[in-house]
Number of protein chains: 2
Amino acid sequence: MRRTYISGFTGSAGTAVITKDKAALWTDGRYFLQAEKQLNSCWILMRAGNPGVPTTSEWLNDVLAPGGRVGIDPFLFSSDAAEELKQAIATKNHELVYLHDLNLVDEVWGESRPKPPKKPIRIHDLKYAGLDVASKLSSLRSELVDAGSSAIVISVLDEVAWLLNLRGSDVPHSPVMYAYLIVELDGAKLFMDNSKVTPEVMDHLKKAGIELRPYDCILTEIESLAAQGTHLWLDTSSVNAAIANTYKSACDKYMGSLGNKTTGQSNIYDSSNGQSGGPTGVYGLSPISLAKAVKNHAELEGMRNSHLRDAAALAQFWVWVEDEIHKDVKLTEVEVADKLLDFRSKQAGFIDTSFDTISASGANGAIIHYKPETESCAVVDAKKLFLLDSGAQYVDGTTDITRTVHFGEPTARQKECFTRVLQGHIALDQAVFPESTPGFVLDVFARSFLWKIGLDYRHGTGHGVGAALNVHEGPQSISFRYGNMTPLLRGMIVSNEPGYYEDHAFGIRIENLLYVKEVDTPNRFGGVGYLGFEKLTFVPIQSKLIDLSLLSAVEVDWLNDYHSQVWEKVSPLLDGSAHQWLWNNTRPLVK
Amino acid sequence: MRRTYISGFTGSAGTAVITKDKAALWTDGRYFLQAEKQLNSCWILMRAGNPGVPTTSEWLNDVLAPGGRVGIDPFLFSSDAAEELKQAIATKNHELVYLHDLNLVDEVWGESRPKPPKKPIRIHDLKYAGLDVASKLSSLRSELVDAGSSAIVISVLDEVAWLLNLRGSDVPHSPVMYAYLIVELDGAKLFMDNSKVTPEVMDHLKKAGIELRPYDCILTEIESLAAQGTHLWLDTSSVNAAIANTYKSACDKYMGSLGNKTTGQSNIYDSSNGQSGGPTGVYGLSPISLAKAVKNHAELEGMRNSHLRDAAALAQFWVWVEDEIHKDVKLTEVEVADKLLDFRSKQAGFIDTSFDTISASGANGAIIHYKPETESCAVVDAKKLFLLDSGAQYVDGTTDITRTVHFGEPTARQKECFTRVLQGHIALDQAVFPESTPGFVLDVFARSFLWKIGLDYRHGTGHGVGAALNVHEGPQSISFRYGNMTPLLRGMIVSNEPGYYEDHAFGIRIENLLYVKEVDTPNRFGGVGYLGFEKLTFVPIQSKLIDLSLLSAVEVDWLNDYHSQVWEKVSPLLDGSAHQWLWNNTRPLVK
């Protein structure tokens, strides 16, 4: 919001850099057109990733006289990102200055700046969470001890929410609240605006031995931990630079003060216990990230149930939209998305959408993160492909589904592309693989049918999904970016969403959520388990778009089996025209 | 051979470490049984890779009193390997000592040590090489200039052979000669025993501006290059520690001598040209590795032709072995391999086998690098699977092929496993993928059919192959080890050899060689080319071993198309029973 306030650019991703006489904004390919419209002539638009476009640090090194001072709000940069920037600009003798005490945009914004959200937080019921907070803290503390640390600071919001079985609404679509959590071996402190805390939540926290502290006391507490000689676990890829820097400075100060004492004094941290003579950070990936990604039985059960209610809402929606289109009612992309929200909001446990609905007719479907706006969006065209990528937050689970449909007659080209996307979707859905396989190994299954005719798509195939939490989460992924070595583990949830996008023409994406399960293979070569996927999403795939001549018998069987499961699981939740629509759209295909 | 002499162990891979009172030998899983037999009780067998087995450096750190001195022959360790060992033992204050002037095993061996091979070298004809030496040197020199270096030392034998269009026979199965090559911007020096050089080869070298130097003058020349301020390109992953170390020491000496001069003296390397004030190494992968891997038209033509003659020899061999077995003649694995060599040696341009033939009946097939020995090998059993992995060096190309056959009735289990290996083989053969795809991305195609039933194999799927050069070469590979980011490029050759091995029962492997070619896809998404494979190997795959019920129609078509190509290409080279055998074994299957 600060970036939007200072620049006028409303996209979800970007970096604004302002010098005494220049202002530049970096954003990626999704937002070039939008940024061109929204930035006035004072701003230089930096099309990140395009050839010849400098990075922020390259640009700073170019435009600033040597020896400059570059300020950042250290609460808004991860420690790793700040460190990278610091080193990059040091080559021209620029200094990175952490502005701990004031944000320069807020200084300009002044009184008109909106207040931070203060919505109450709620307890995430144990029947959905599956594990109580005490058990989660106990596992975490074992990991702290194993790693030689005595405390951890958690600043990733969905990690705090998951660990404490709490949910908030400070961030649109993500049921989290602004907070920091410090877990020590014998206690824990939650840093949060206490006006959000109901008596019920207070009781919940007390039971788990968690004390409440004001949000803005986090740095003081970090200093005090260092002064007590605490070995703090810091995930510098996620923890902000303010925290990491405060801890390091305080550790240095502690060491300095030890040096001033008479050598006769006892030192509680001597080297005989294998630790150095003062507090040192334990740097590593947050252990909560993986614990959160591997869903327990209750979390999976909630995900399954919420997906069936979501599927019912989608069936009601699809029958409505088909009727309207066939009655020649002109519906805009936003109106369609709003109506979908209506149907979902009537389902039990509905809380919010899980991200901005991508409701895209024709060429808009080729804009991968398209967000229709009321003033400017298109009418849904019966003669074009329509791509709908949407999801919801329910009390028991989070959904994310994409279907692409045609309300009239698709072209042969559209059918061929759709069918090849579907073949990739099926190949990934049906994959069986040994334990310890990283997700990127499977990515090629989803692309190979497109590759055969020289097509591809420029996004990953699968992301992690939280259980009644963020719709995007790590650490696993299924992507053509081959760096993520996280193996897929039983209970992890991933999306399966291959696509194909023809610029200025159409977009196709077919997305289900899957969870990783053990497969009962007749052999277990190497003594390891073999894993596969189970579907969470049960919504028909439009058969009109399938070129049956391209499908193998096995693929036709997959589709028929899927549709029969859809009918079996979702029809009991429907009646009337939606029930009939589901029947019509789950009939077996014959090759 | 020194390791064999000192330990008695004849395996192809291992490390012997000898202290004042202990001797230990490390080898890998292929050789545990053999090493147990061959090592006497003075030796500790270290089963590398097994849980709890220390590495050489861990063991040295354990058994030596701190401050020890560990000697190595620096000509036998790559610079990177020596550096790693040096650092690992430095943690216990041990010093790594480079024994430049004597090899301790040779001291023991004395006069009975065999003399180094002195077989004459030959020119690799331009019609097979495709590019003359002057052109290759010219391209290399451009790369040197681009990298800011003024010379390169090449110590990888097949790189020297490829660059100079020379072939030798100093190493069994690999047509290379012991040599070092230094290429400067205005000349080149080949360090080699000149008794191997015929007048014709001498003339060939002169034409390309290459001077001959004695093999053991390499270090003197390296010192002299450093003294002249040469920026030497060193690939420390392959160049030996003696060379890298000599260059570094000589550079340090050069810098020292500069420091002693009066500062008024001129310095030919001042910082104004962007280089530091003395010679420095340019460290990077050898540029010849990639140039050699990407075959030109003449190299591919030679590979295609030699593969057809090799296929003819194999057809003659298979009809012979089937006849003998059906006549109940008892043939050992070695006799079969010898007969295959007979047939191959009658083909035009035959030089040598390209590796030790793996002729393995029944359970021996499960030993991936099985080498039958006359004294101990098995009789080929008509009731068991027979795996034959072999290849040859011809004047125009190098072959490597594996076929698995059954002379009687295979079990359903064997057929299922064979068919799934074949399905993986077909999937990789038929893969289409965008430019810049590393080989590991495709590895999963070869495994996925085995994975479905919980099976797998513990080796990579494809290695590079030289053109009338080493049967194993880099830098590309197709492997489940995901670290090799080298993209597959047009003209590269790879093997396609999935397998399945059931310990103490049988082994299955189906191997063809392929080359990477452009595929004429109807689209070119992303503006890049799409690549696929063309087969080099044309030898029937035994249909008796195929479970047709598992194959898709597309897979049956692949097999029928392959066999029709085999017939078309190889039958003109055959007559009599081999011609008939090829006809019988290339008949189309009907599902």
# chains A, B, ... in the order shown; residues from 1 in each chain; ligands from 1

call {"tool": "interface_residues", "arguments": {"of": "chain B", "to": "chain A", "cutoff": "8 Å", "atoms": "only C-alpha atoms", "output": "VMD selection string"}}
result
chain B and resid 431 to 434 441 to 442 444 448 451 to 456 521 to 526 529 to 530 552

call {"tool": "write_last_selection", "arguments": {"atoms": "N, CA, C and O atoms", "output": "tab-separated table (two decimals), in the first residue's frame"}}
result
chain	number	residue	atom	x	y	z
B	431	ALA	N	11.06	-38.65	-26.77
B	431	ALA	CA	10.90	-37.37	-26.08
B	431	ALA	C	11.15	-36.19	-27.03
B	431	ALA	O	12.01	-36.26	-27.90
B	432	VAL	N	10.36	-35.15	-26.87
B	432	VAL	CA	10.59	-33.88	-27.55
B	432	VAL	C	10.68	-32.83	-26.45
B	432	VAL	O	9.90	-32.87	-25.48
B	433	PHE	N	11.66	-31.94	-26.55
B	433	PHE	CA	11.89	-31.02	-25.43
B	433	PHE	C	12.49	-29.72	-25.96
B	433	PHE	O	13.15	-29.71	-27.00
B	434	PRO	N	12.25	-28.62	-25.26
B	434	PRO	CA	12.78	-27.34	-25.76
B	434	PRO	C	14.30	-27.26	-25.59
B	434	PRO	O	14.87	-27.91	-24.70
B	441	VAL	N	16.30	-33.84	-16.80
B	441	VAL	CA	14.85	-33.61	-16.89
B	441	VAL	C	14.17	-34.78	-17.58
B	441	VAL	O	13.02	-35.11	-17.29
B	442	LEU	N	14.89	-35.44	-18.49
B	442	LEU	CA	14.29	-36.52	-19.28
B	442	LEU	C	14.41	-37.88	-18.62
B	442	LEU	O	13.75	-38.84	-19.02
B	444	VAL	N	13.29	-39.16	-16.00
B	444	VAL	CA	12.06	-39.72	-15.44
B	444	VAL	C	11.23	-40.46	-16.48
B	444	VAL	O	10.50	-41.41	-16.15
B	448	SER	N	9.47	-44.07	-15.37
B	448	SER	CA	8.11	-43.95	-14.83
B	448	SER	C	7.32	-45.25	-14.95
B	448	SER	O	6.49	-45.54	-14.07
B	451	TRP	N	8.45	-47.36	-12.05
B	451	TRP	CA	7.97	-46.76	-10.79
B	451	TRP	C	6.52	-47.16	-10.49
B	451	TRP	O	6.15	-47.35	-9.34
B	452	LYS	N	5.70	-47.28	-11.56
B	452	LYS	CA	4.28	-47.58	-11.36
B	452	LYS	C	4.08	-48.86	-10.57
B	452	LYS	O	3.06	-49.02	-9.89
B	453	ILE	N	5.03	-49.80	-10.69
B	453	ILE	CA	4.88	-51.04	-9.92
B	453	ILE	C	5.97	-51.15	-8.84
B	453	ILE	O	6.26	-52.24	-8.34
B	454	GLY	N	6.57	-50.00	-8.50
B	454	GLY	CA	7.52	-50.00	-7.38
B	454	GLY	C	8.89	-50.53	-7.74
B	454	GLY	O	9.61	-51.02	-6.88
B	455	LEU	N	9.27	-50.45	-9.01
B	455	LEU	CA	10.61	-50.88	-9.42
B	455	LEU	C	11.44	-49.67	-9.87
B	455	LEU	O	10.90	-48.61	-10.17
B	456	ASP	N	12.74	-49.87	-9.95
B	456	ASP	CA	13.65	-48.78	-10.32
B	456	ASP	C	15.00	-49.40	-10.66
B	456	ASP	O	15.17	-50.62	-10.56
B	521	THR	N	8.65	-29.25	-35.13
B	521	THR	CA	7.33	-29.16	-34.49
B	521	THR	C	6.47	-28.11	-35.21
B	521	THR	O	7.00	-27.15	-35.75
B	522	PRO	N	5.13	-28.31	-35.19
B	522	PRO	CA	4.26	-27.33	-35.87
B	522	PRO	C	4.26	-25.96	-35.18
B	522	PRO	O	3.86	-24.97	-35.78
B	523	ASN	N	4.69	-25.90	-33.93
B	523	ASN	CA	4.80	-24.62	-33.21
B	523	ASN	C	6.21	-24.51	-32.64
B	523	ASN	O	6.92	-25.50	-32.52
B	524	ARG	N	6.59	-23.29	-32.30
B	524	ARG	CA	7.89	-23.07	-31.64
B	524	ARG	C	7.68	-22.07	-30.52
B	524	ARG	O	8.19	-20.96	-30.55
B	525	PHE	N	6.91	-22.50	-29.49
B	525	PHE	CA	6.57	-21.60	-28.38
B	525	PHE	C	7.84	-21.06	-27.74
B	525	PHE	O	8.79	-21.81	-27.51
B	526	GLY	N	7.84	-19.77	-27.46
B	526	GLY	CA	9.00	-19.14	-26.84
B	526	GLY	C	10.09	-18.83	-27.85
B	526	GLY	O	11.17	-18.36	-27.49
B	529	GLY	N	13.98	-23.59	-30.45
B	529	GLY	CA	13.87	-24.83	-31.17
B	529	GLY	C	13.43	-25.95	-30.24
B	529	GLY	O	13.64	-25.88	-29.03
B	530	TYR	N	12.79	-26.96	-30.79
B	530	TYR	CA	12.45	-28.15	-30.01
B	530	TYR	C	13.29	-29.32	-30.51
B	530	TYR	O	13.50	-29.46	-31.72
B	552	SER	N	0.92	-49.80	-25.27
B	552	SER	CA	-0.10	-49.02	-25.96
B	552	SER	C	0.09	-49.19	-27.47
B	552	SER	O	1.14	-49.66	-27.93

call {"tool": "select_by_dssp", "arguments": {"residues": "stretch 60-171 of chain A", "states": "alpha helix (DSSP H)", "output": "ChimeraX atom specification"}}
result
/A:60-63,79-90,104-109,126-129,133-146,157-164

call {"tool": "atom_distance", "arguments": {"atom1": "atom CA of A:Leu140", "atom2": "atom CA of A:Pro287"}}
result
7.3 Å

call {"tool": "select_by_dssp", "arguments": {"residues": "stretch 372-404 of chain B", "states": "strand (DSSP E or B)", "output": "VMD selection string"}}
result
chain B and resid 379 385 to 390 392 to 394 398 401 to 404

call {"tool": "atom_distance", "arguments": {"atom1": "atom CA of B:Pro372", "atom2": "atom CA of B:Arg304"}}
result
29.4 Å

call {"tool": "residues_around", "arguments": {"residues": "B:Asp235", "least_positions_apart": "6", "cutoff": "10 Å", "atoms": "only C-alpha atoms", "output": "list in words"}}
result
Ser78, Ser79, Asp80, Ile152, Val153, Ile154, Ser155, Val156, Ala244, Gly281, Val282, Tyr283, Gly284, Leu285, Ser286 and Pro287 of chain B

call {"tool": "residues_around", "arguments": {"residues": "stretch 534-545 of chain A", "least_positions_apart": "2", "cutoff": "6 Å", "atoms": "only C-alpha atoms", "output": "JSON, numbers by chain"}}
result
{"A": [304, 307, 311, 415, 512, 513, 514, 515, 566]}

call {"tool": "write_last_selection", "arguments": {"atoms": "all heavy atoms", "output": "CSV table (one decimal), in the first residue's frame"}}
result
chain,number,residue,atom,x,y,z
A,304,ARG,N,-10.6,-32.3,2.4
A,304,ARG,CA,-11.5,-33.1,1.6
A,304,ARG,C,-13.0,-32.5,1.6
A,304,ARG,O,-13.6,-32.3,0.6
A,304,ARG,CB,-11.5,-34.5,2.0
A,304,ARG,CG,-10.4,-35.3,1.3
A,304,ARG,CD,-10.5,-36.8,1.6
A,304,ARG,NE,-10.4,-37.1,3.0
A,304,ARG,CZ,-9.2,-37.6,3.6
A,304,ARG,NH1,-8.2,-37.9,2.8
A,304,ARG,NH2,-9.1,-37.8,4.9
A,307,HIS,N,-13.5,-29.1,0.0
A,307,HIS,CA,-13.5,-29.2,-1.4
A,307,HIS,C,-14.8,-29.7,-2.0
A,307,HIS,O,-15.2,-29.3,-3.1
A,307,HIS,CB,-12.3,-30.1,-1.9
A,307,HIS,CG,-11.1,-29.4,-2.1
A,307,HIS,ND1,-10.3,-29.0,-1.0
A,307,HIS,CD2,-10.5,-28.9,-3.2
A,307,HIS,CE1,-9.2,-28.3,-1.5
A,307,HIS,NE2,-9.3,-28.2,-2.8
A,311,ALA,N,-17.1,-27.7,-4.5
A,311,ALA,CA,-17.5,-28.3,-5.8
A,311,ALA,C,-19.0,-28.1,-6.0
A,311,ALA,O,-19.4,-27.8,-7.1
A,311,ALA,CB,-17.1,-29.8,-5.8
A,415,LYS,N,-9.2,-27.1,-29.2
A,415,LYS,CA,-9.4,-28.5,-28.7
A,415,LYS,C,-8.0,-29.2,-28.6
A,415,LYS,O,-7.8,-29.9,-27.6
A,415,LYS,CB,-10.3,-29.3,-29.6
A,415,LYS,CG,-11.8,-28.8,-29.4
A,415,LYS,CD,-12.7,-29.4,-30.4
A,415,LYS,CE,-13.0,-30.9,-30.1
A,415,LYS,NZ,-14.1,-31.4,-30.9
A,512,ASN,N,-6.4,-29.0,-10.5
A,512,ASN,CA,-7.0,-29.7,-9.3
A,512,ASN,C,-5.9,-29.5,-8.2
A,512,ASN,O,-4.8,-29.4,-8.5
A,512,ASN,CB,-7.2,-31.1,-9.6
A,512,ASN,CG,-8.4,-31.4,-10.4
A,512,ASN,OD1,-9.3,-30.5,-10.6
A,512,ASN,ND2,-8.6,-32.7,-10.8
A,513,LEU,N,-6.4,-29.7,-7.0
A,513,LEU,CA,-5.5,-29.9,-5.9
A,513,LEU,C,-5.4,-31.4,-5.6
A,513,LEU,O,-6.3,-32.1,-5.7
A,513,LEU,CB,-5.9,-29.1,-4.6
A,513,LEU,CG,-6.0,-27.6,-4.7
A,513,LEU,CD1,-6.1,-27.0,-3.3
A,513,LEU,CD2,-4.8,-27.0,-5.4
A,514,LEU,N,-4.1,-31.8,-5.2
A,514,LEU,CA,-3.8,-33.2,-4.9
A,514,LEU,C,-3.1,-33.3,-3.6
A,514,LEU,O,-2.5,-32.3,-3.2
A,514,LEU,CB,-2.9,-33.7,-6.0
A,514,LEU,CG,-3.2,-33.5,-7.5
A,514,LEU,CD1,-2.0,-33.9,-8.4
A,514,LEU,CD2,-4.5,-34.2,-7.9
A,515,TYR,N,-3.2,-34.4,-2.9
A,515,TYR,CA,-2.3,-34.7,-1.8
A,515,TYR,C,-1.5,-35.9,-2.1
A,515,TYR,O,-1.9,-36.8,-2.8
A,515,TYR,CB,-3.0,-34.7,-0.5
A,515,TYR,CG,-4.0,-35.8,-0.2
A,515,TYR,CD1,-3.6,-37.0,0.4
A,515,TYR,CD2,-5.4,-35.6,-0.5
A,515,TYR,CE1,-4.5,-38.0,0.6
A,515,TYR,CE2,-6.3,-36.7,-0.3
A,515,TYR,CZ,-5.8,-37.8,0.3
A,515,TYR,OH,-6.7,-38.8,0.5
A,566,VAL,N,-16.7,-37.6,-9.3
A,566,VAL,CA,-17.3,-36.3,-9.1
A,566,VAL,C,-18.8,-36.5,-8.8
A,566,VAL,O,-19.4,-35.9,-7.9
A,566,VAL,CB,-17.1,-35.4,-10.3
A,566,VAL,CG1,-18.0,-34.2,-10.2
A,566,VAL,CG2,-15.6,-35.1,-10.5

call {"tool": "residues_around", "arguments": {"residues": "stretch 8-21 of chain A", "least_positions_apart": "5", "cutoff": "9 Å", "atoms": "only C-alpha atoms", "output": "list of chain:residue names"}}
result
A:Met1, A:Arg3, A:Trp26, A:Thr27, A:Asp28, A:Arg30, A:Tyr31, A:Gln34, A:Ala35, A:Glu36, A:Lys37, A:Gln38, A:Leu39, A:Asn40, A:Thr56, A:Leu60, A:Val63, A:Leu64, A:Val70

call {"tool": "closest_residue", "arguments": {"among": "B:Pro54, B:Pro487, B:Gly29, B:Gly576", "to": "B:Ser436", "atoms": "only C-alpha atoms"}}
result
B:Pro487

call {"tool": "residues_around", "arguments": {"residues": "stretch 336-342 of chain A", "least_positions_apart": "3", "cutoff": "12 Å", "atoms": "only C-alpha atoms", "output": "JSON, numbers by chain"}}
result
{"A": [310, 311, 312, 313, 314, 315, 316, 317, 318, 319, 320, 321, 322, 324, 325, 329, 330, 331, 332, 333, 345, 346, 347, 350, 351, 352, 353, 354, 355, 356, 357, 358, 359, 360, 361, 371, 372, 373, 374, 377, 378, 379, 380, 381, 386, 387, 388, 389, 390, 391, 392, 393]}

call {"tool": "write_last_selection", "arguments": {"atoms": "C-alpha atoms", "output": "PDB file, in the first residue's frame"}}
result
ATOM      1  CA  ASP A 310     -16.706 -25.879  -2.926  1.00  0.00           C
ATOM      2  CA  ALA A 311     -17.466 -28.280  -5.792  1.00  0.00           C
ATOM      3  CA  ALA A 312     -21.193 -27.990  -5.024  1.00  0.00           C
ATOM      4  CA  ALA A 313     -20.961 -24.191  -5.218  1.00  0.00           C
ATOM      5  CA  LEU A 314     -19.121 -24.453  -8.521  1.00  0.00           C
ATOM      6  CA  ALA A 315     -21.761 -26.791  -9.977  1.00  0.00           C
ATOM      7  CA  GLN A 316     -24.460 -24.275  -8.995  1.00  0.00           C
ATOM      8  CA  PHE A 317     -22.374 -21.496 -10.492  1.00  0.00           C
ATOM      9  CA  TRP A 318     -21.689 -23.276 -13.797  1.00  0.00           C
ATOM     10  CA  VAL A 319     -25.320 -24.120 -14.418  1.00  0.00           C
ATOM     11  CA  TRP A 320     -26.233 -20.504 -13.701  1.00  0.00           C
ATOM     12  CA  VAL A 321     -23.584 -19.005 -15.977  1.00  0.00           C
ATOM     13  CA  GLU A 322     -24.390 -21.392 -18.837  1.00  0.00           C
ATOM     14  CA  GLU A 324     -27.401 -16.785 -18.573  1.00  0.00           C
ATOM     15  CA  ILE A 325     -25.026 -16.984 -21.525  1.00  0.00           C
ATOM     16  CA  VAL A 329     -27.477 -12.077 -20.999  1.00  0.00           C
ATOM     17  CA  LYS A 330     -24.339  -9.927 -21.167  1.00  0.00           C
ATOM     18  CA  LEU A 331     -22.231 -10.691 -18.117  1.00  0.00           C
ATOM     19  CA  THR A 332     -18.911  -9.053 -17.403  1.00  0.00           C
ATOM     20  CA  GLU A 333     -15.964 -10.973 -16.027  1.00  0.00           C
ATOM     21  CA  SER A 345     -20.590 -17.736   0.472  1.00  0.00           C
ATOM     22  CA  LYS A 346     -23.737 -19.831   0.958  1.00  0.00           C
ATOM     23  CA  GLN A 347     -21.660 -22.913   1.706  1.00  0.00           C
ATOM     24  CA  PHE A 350     -17.217 -20.046   4.095  1.00  0.00           C
ATOM     25  CA  ILE A 351     -14.903 -17.220   5.145  1.00  0.00           C
ATOM     26  CA  ASP A 352     -13.357 -15.528   2.127  1.00  0.00           C
ATOM     27  CA  THR A 353     -12.016 -16.108  -1.356  1.00  0.00           C
ATOM     28  CA  SER A 354      -8.498 -17.515  -1.185  1.00  0.00           C
ATOM     29  CA  PHE A 355      -7.148 -15.113  -3.846  1.00  0.00           C
ATOM     30  CA  ASP A 356      -8.470 -12.578  -6.375  1.00  0.00           C
ATOM     31  CA  THR A 357     -10.645 -14.533  -8.811  1.00  0.00           C
ATOM     32  CA  ILE A 358      -9.197 -14.794 -12.315  1.00  0.00           C
ATOM     33  CA  SER A 359     -12.296 -14.552 -14.499  1.00  0.00           C
ATOM     34  CA  ALA A 360     -10.962 -14.184 -18.030  1.00  0.00           C
ATOM     35  CA  SER A 361     -12.741 -14.274 -21.387  1.00  0.00           C
ATOM     36  CA  LYS A 371      -7.471  -9.454 -12.497  1.00  0.00           C
ATOM     37  CA  PRO A 372     -10.663  -8.059 -14.012  1.00  0.00           C
ATOM     38  CA  GLU A 373     -11.657  -4.567 -12.804  1.00  0.00           C
ATOM     39  CA  THR A 374     -15.275  -3.377 -12.837  1.00  0.00           C
ATOM     40  CA  CYS A 377     -13.206  -5.736 -17.737  1.00  0.00           C
ATOM     41  CA  ALA A 378     -14.610  -7.626 -20.719  1.00  0.00           C
ATOM     42  CA  VAL A 379     -17.995  -9.189 -21.254  1.00  0.00           C
ATOM     43  CA  VAL A 380     -17.850 -12.988 -21.140  1.00  0.00           C
ATOM     44  CA  ASP A 381     -17.994 -13.938 -24.818  1.00  0.00           C
ATOM     45  CA  PHE A 386     -13.434 -18.688 -20.647  1.00  0.00           C
ATOM     46  CA  LEU A 387     -10.805 -19.364 -17.959  1.00  0.00           C
ATOM     47  CA  LEU A 388     -11.863 -19.293 -14.307  1.00  0.00           C
ATOM     48  CA  ASP A 389      -9.211 -19.693 -11.592  1.00  0.00           C
ATOM     49  CA  SER A 390     -10.669 -19.227  -8.120  1.00  0.00           C
ATOM     50  CA  GLY A 391     -10.670 -20.544  -4.599  1.00  0.00           C
ATOM     51  CA  ALA A 392     -12.087 -20.077  -1.145  1.00  0.00           C
ATOM     52  CA  GLN A 393     -11.151 -20.075   2.501  1.00  0.00           C
TER      53      GLN A 393
END
